[in-house]
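Okay, query-v3.cif now, which holds mmCIF, C-alpha atoms:
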```
data_query
#
loop_
_atom_site.label_atom_id
_atom_site.label_comp_id
_atom_site.auth_asym_id
_atom_site.auth_seq_id
_atom_site.Cartn_x
_atom_site.Cartn_y
_atom_site.Cartn_z
CA MET A 1 -7.11 51.91 14.10
CA ASN A 2 -4.45 51.24 16.66
CA ALA A 3 -1.05 49.98 15.39
CA LYS A 4 -1.16 47.25 18.03
CA TYR A 5 -4.34 45.75 16.48
CA VAL A 6 -2.89 45.97 12.95
CA LYS A 7 0.21 44.02 14.03
CA PHE A 8 -1.97 41.45 15.80
CA ALA A 9 -4.23 41.04 12.74
CA GLY A 10 -1.15 40.67 10.50
CA LEU A 11 0.32 38.01 12.79
CA ILE A 12 -2.97 36.06 12.86
CA THR A 13 -3.18 36.27 9.05
CA VAL A 14 0.37 34.91 8.68
CA ILE A 15 -0.30 32.05 11.11
CA ILE A 16 -3.57 31.04 9.40
CA GLY A 17 -1.92 31.30 5.97
CA THR A 18 0.99 29.12 7.08
CA LEU A 19 -1.32 26.47 8.55
CA ALA A 20 -3.40 26.41 5.36
CA TRP A 21 -0.24 26.06 3.23
CA LEU A 22 1.04 23.19 5.40
CA ALA A 23 -2.34 21.44 5.27
CA VAL A 24 -2.58 21.64 1.48
CA GLY A 25 1.07 20.57 1.06
CA GLY A 26 0.59 17.67 3.48
CA ILE A 27 -2.44 16.41 1.59
CA LYS A 28 -0.54 16.46 -1.69
CA ASP A 29 2.44 14.61 -0.15
CA THR A 30 0.28 11.81 1.25
CA GLN A 31 -1.86 11.45 -1.86
CA THR A 32 -1.52 8.02 -3.43
CA TYR A 33 -2.93 6.43 -6.54
CA TYR A 34 -4.39 2.92 -6.14
CA LYS A 35 -3.50 0.61 -9.04
CA THR A 36 -3.47 -3.08 -9.80
CA VAL A 37 -0.35 -4.76 -11.20
CA SER A 38 -1.88 -4.75 -14.69
CA GLU A 39 -2.83 -1.07 -14.49
CA LEU A 40 0.66 -0.15 -13.30
CA ARG A 41 2.20 -1.60 -16.46
CA ASP A 42 -0.15 0.52 -18.62
CA MET A 43 0.59 3.83 -16.83
CA ASN A 44 2.64 6.51 -18.53
CA PRO A 45 6.22 6.96 -17.24
CA GLU A 46 5.49 10.32 -15.59
CA ALA A 47 2.69 8.87 -13.45
CA LYS A 48 4.96 6.06 -12.28
CA THR A 49 7.20 8.55 -10.43
CA LYS A 50 4.38 9.38 -8.00
CA ARG A 51 3.57 7.56 -4.81
CA LEU A 52 1.36 4.54 -5.59
CA ARG A 53 -0.56 1.75 -3.91
CA VAL A 54 -0.39 -1.49 -5.87
CA ALA A 55 -2.59 -4.50 -5.15
CA GLY A 56 -2.11 -8.13 -6.10
CA ASP A 57 -1.63 -11.63 -4.74
CA VAL A 58 1.64 -12.68 -3.11
CA GLU A 59 3.16 -15.27 -5.42
CA PRO A 60 3.79 -18.57 -3.61
CA GLY A 61 7.45 -19.16 -2.76
CA SER A 62 8.51 -15.60 -3.61
CA ILE A 63 8.92 -14.20 -0.08
CA VAL A 64 12.60 -13.70 0.80
CA ARG A 65 13.59 -12.05 4.10
CA ARG A 66 16.96 -10.33 4.48
CA GLY A 67 17.10 -8.71 7.92
CA LYS A 68 14.64 -5.80 7.84
CA GLU A 69 14.20 -6.06 4.06
CA VAL A 70 11.56 -8.35 2.56
CA GLU A 71 11.38 -9.11 -1.15
CA PHE A 72 8.38 -10.75 -2.80
CA VAL A 73 6.37 -10.81 -6.03
CA LEU A 74 2.85 -9.45 -6.44
CA ALA A 75 0.97 -11.28 -9.18
CA GLN A 76 -2.26 -10.60 -10.98
CA GLN A 77 -3.28 -12.96 -13.76
CA THR A 78 -0.14 -13.07 -15.99
CA GLU A 79 1.40 -9.81 -14.70
CA LYS A 80 4.07 -9.87 -11.99
CA LEU A 81 5.75 -7.10 -10.00
CA ARG A 82 8.87 -7.47 -7.86
CA VAL A 83 8.43 -5.64 -4.55
CA ILE A 84 11.07 -4.75 -1.95
CA TYR A 85 9.72 -3.70 1.43
CA GLN A 86 11.93 -1.62 3.70
CA GLY A 87 9.51 -0.17 6.24
CA SER A 88 9.75 0.52 9.92
CA ASP A 89 6.50 -1.34 10.69
CA PRO A 90 6.51 -5.13 11.01
CA LEU A 91 4.68 -7.01 8.27
CA PRO A 92 1.12 -8.04 9.16
CA ASP A 93 0.52 -11.58 10.43
CA THR A 94 -1.69 -12.19 7.38
CA PHE A 95 1.20 -11.55 4.98
CA ARG A 96 2.03 -14.95 3.44
CA ASP A 97 1.89 -16.86 0.16
CA ARG A 98 -1.32 -16.32 -1.84
CA ALA A 99 -2.47 -13.47 0.44
CA GLN A 100 -3.98 -10.41 -1.17
CA ALA A 101 -1.59 -7.54 -0.47
CA VAL A 102 -1.38 -3.81 -1.05
CA ALA A 103 2.07 -2.23 -1.27
CA ASP A 104 2.47 1.51 -0.73
CA GLY A 105 5.55 3.13 -2.27
CA LYS A 106 7.23 4.08 -5.53
CA LEU A 107 8.24 2.29 -8.71
CA THR A 108 11.89 2.59 -9.75
CA PRO A 109 12.93 3.10 -13.39
CA GLU A 110 14.13 -0.54 -13.33
CA GLY A 111 10.56 -1.71 -12.67
CA VAL A 112 11.05 -2.69 -9.01
CA PHE A 113 8.48 -1.40 -6.54
CA HIS A 114 10.00 -0.07 -3.30
CA ALA A 115 7.34 -0.23 -0.59
CA THR A 116 7.33 1.57 2.73
CA ARG A 117 4.07 0.03 3.92
CA ILE A 118 2.33 -3.31 3.32
CA GLN A 119 -1.25 -4.32 4.01
CA ALA A 120 -2.34 -7.92 3.64
CA LYS A 121 -5.61 -9.78 3.68
CA CYS A 122 -5.41 -13.51 4.30
CA ALA A 123 -6.80 -15.87 1.72
CA SER A 124 -9.93 -17.61 2.95
CA LYS A 125 -9.13 -20.05 5.70
CA TYR A 126 -12.48 -21.79 5.44
CA GLU A 127 -13.54 -24.27 2.82
CA ALA A 128 -16.72 -26.27 2.30
CA LYS A 129 -16.79 -29.75 3.83
CA PRO A 130 -16.64 -32.29 0.96
CA GLY A 131 -19.71 -34.45 0.27
CA GLY A 132 -21.99 -32.37 2.46
CA GLY A 133 -25.63 -32.38 1.41
CA GLY A 134 -28.18 -29.67 2.15
CA ALA A 135 -26.88 -26.57 3.86
CA PRO A 136 -23.12 -26.11 3.51
CA VAL A 137 -21.04 -26.93 6.56
CA TYR A 138 -17.71 -25.16 6.85
CA THR A 139 -14.62 -26.49 8.52
CA GLU A 140 -11.53 -24.53 9.41
CA LYS A 141 -8.60 -25.06 7.08
CA LYS A 142 -5.12 -24.42 8.45
CA VAL A 143 -3.09 -21.99 6.33
CA SER A 144 0.65 -22.23 6.77
#
```
Using structure tokens, write down the structure that the file contains.
Amino acid sequence: MNAKYVKFAGLITVIIGTLAWLAVGGIKDTQTYYKTVSELRDMNPEAKTKRLRVAGDVEPGSIVRRGKEVEFVLAQQTEKLRVIYQGSDPLPDTFRDRAQAVADGKLTPEGVFHATRIQAKCASKYEAKPGGGGAPVYTEKKVS
């Protein structure tokens, strides 16, 4: 076999190996565990050091904006989690009091969740018209 082909085959092997290593490493780095506020409290301390996605409802009156930093509380039943968002993306338009939100980030040893990404789903903006008989009629309800 020609030495030129051996060098070429070796180079191709190194390139494919490097790409496979980067792909596997990238998947592990972006891997997140989805938890609720209640489940987060029950996790062991080692698991809390990993990147997590935590879901809950934005507690009314808890949103505080300080420049690019936004602090709020995610609540689920009786459990509450203080979240500080410091991401480069603007918060979604649906992010407001009582909205269902998912925070992506890490929990500090102090119990504060530092998020780098926030997703929010608006609470229902439609409610049944009172006193309607027969088929329900829905009217739009303004959410502020």
*Return as a count of residues only the set of residues that the PyMOL selection byres ((chain A and resi 111-121) around 9) yields on the displayed structure.*
33
*asked:* Measuring between all atoms listed in the file, which one of A:Ile15, A:Ala20, A:Val37, A:Val6 shows the shortest distance to A:Thr78?
replied: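 Between A:Ile15, A:Ala20, A:Val37, A:Val6, the residue approaching A:Thr78 most closely is A:Val37.
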*So how many Å separate atom CA of A:Leu52 and atom CA of A:Val70, to one decimal?*
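Computing the Euclidean distance for atom CA of A:Leu52 and atom CA of A:Val70 yields 18.3 Å.
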*Given the choices A:Glu39, A:Trp21, A:Tyr34, A:Arg66, which gets closest to A:Glu79 if the distance is worked out from all atoms listed in the file?*
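Under the stated criterion, the closest residue is A:Glu39.
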*Answer as a PyMOL selection string, residues within 10 Å of (2.4, -24.2, -5.5) using only C-alpha atoms*: chain A and resi 59-61+97-98
*What does the distance from atom CA of A:Ile16 to atom CA of A:Lys4 come to in Å, to one decimal?*
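We find that atom CA of A:Ile16 and atom CA of A:Lys4 lie 18.5 Å from each other.
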Subset file: stretch 1-20 of chain A, N, CA and C atoms, as a short mmCIF file (atom, residue, chain, number, x, y, z; two decimals), in the first residue's frame:
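Saved file out.cif follows:
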```
data_model
loop_
_atom_site.label_atom_id
_atom_site.label_comp_id
_atom_site.auth_asym_id
_atom_site.auth_seq_id
_atom_site.Cartn_x
_atom_site.Cartn_y
_atom_site.Cartn_z
N MET A 1 0.86 -1.18 0.00
CA MET A 1 0.00 0.00 0.00
C MET A 1 0.90 1.24 0.00
N ASN A 2 0.52 2.19 -0.70
CA ASN A 2 1.28 3.42 -0.86
C ASN A 2 1.22 4.25 0.43
N ALA A 3 2.33 4.85 0.82
CA ALA A 3 2.42 5.67 2.03
C ALA A 3 1.49 6.87 1.96
N LYS A 4 1.25 7.35 0.75
CA LYS A 4 0.35 8.50 0.56
C LYS A 4 -1.08 8.13 1.01
N TYR A 5 -1.55 6.93 0.64
CA TYR A 5 -2.89 6.48 1.01
C TYR A 5 -3.00 6.22 2.52
N VAL A 6 -1.93 5.72 3.13
CA VAL A 6 -1.93 5.47 4.57
C VAL A 6 -2.06 6.78 5.33
N LYS A 7 -1.33 7.80 4.90
CA LYS A 7 -1.42 9.12 5.54
C LYS A 7 -2.83 9.70 5.38
N PHE A 8 -3.38 9.55 4.16
CA PHE A 8 -4.73 10.06 3.90
C PHE A 8 -5.77 9.35 4.76
N ALA A 9 -5.67 8.04 4.86
CA ALA A 9 -6.59 7.25 5.69
C ALA A 9 -6.45 7.64 7.16
N GLY A 10 -5.23 7.86 7.62
CA GLY A 10 -5.00 8.28 9.01
C GLY A 10 -5.61 9.65 9.28
N LEU A 11 -5.46 10.56 8.34
CA LEU A 11 -6.03 11.91 8.48
C LEU A 11 -7.56 11.84 8.54
N ILE A 12 -8.16 11.06 7.65
CA ILE A 12 -9.62 10.91 7.64
C ILE A 12 -10.10 10.31 8.96
N THR A 13 -9.38 9.31 9.47
CA THR A 13 -9.74 8.68 10.74
C THR A 13 -9.69 9.70 11.89
N VAL A 14 -8.66 10.52 11.91
CA VAL A 14 -8.54 11.55 12.96
C VAL A 14 -9.68 12.56 12.86
N ILE A 15 -10.01 12.99 11.66
CA ILE A 15 -11.08 13.97 11.47
C ILE A 15 -12.43 13.39 11.91
N ILE A 16 -12.73 12.16 11.49
CA ILE A 16 -14.00 11.54 11.87
C ILE A 16 -14.05 11.31 13.37
N GLY A 17 -12.95 10.88 13.96
CA GLY A 17 -12.89 10.69 15.42
C GLY A 17 -13.11 11.98 16.18
N THR A 18 -12.50 13.06 15.71
CA THR A 18 -12.67 14.37 16.36
C THR A 18 -14.11 14.85 16.26
N LEU A 19 -14.73 14.70 15.09
CA LEU A 19 -16.12 15.11 14.94
C LEU A 19 -17.05 14.29 15.83
N ALA A 20 -16.80 12.99 15.93
CA ALA A 20 -17.62 12.15 16.81
C ALA A 20 -17.44 12.56 18.26
#
```
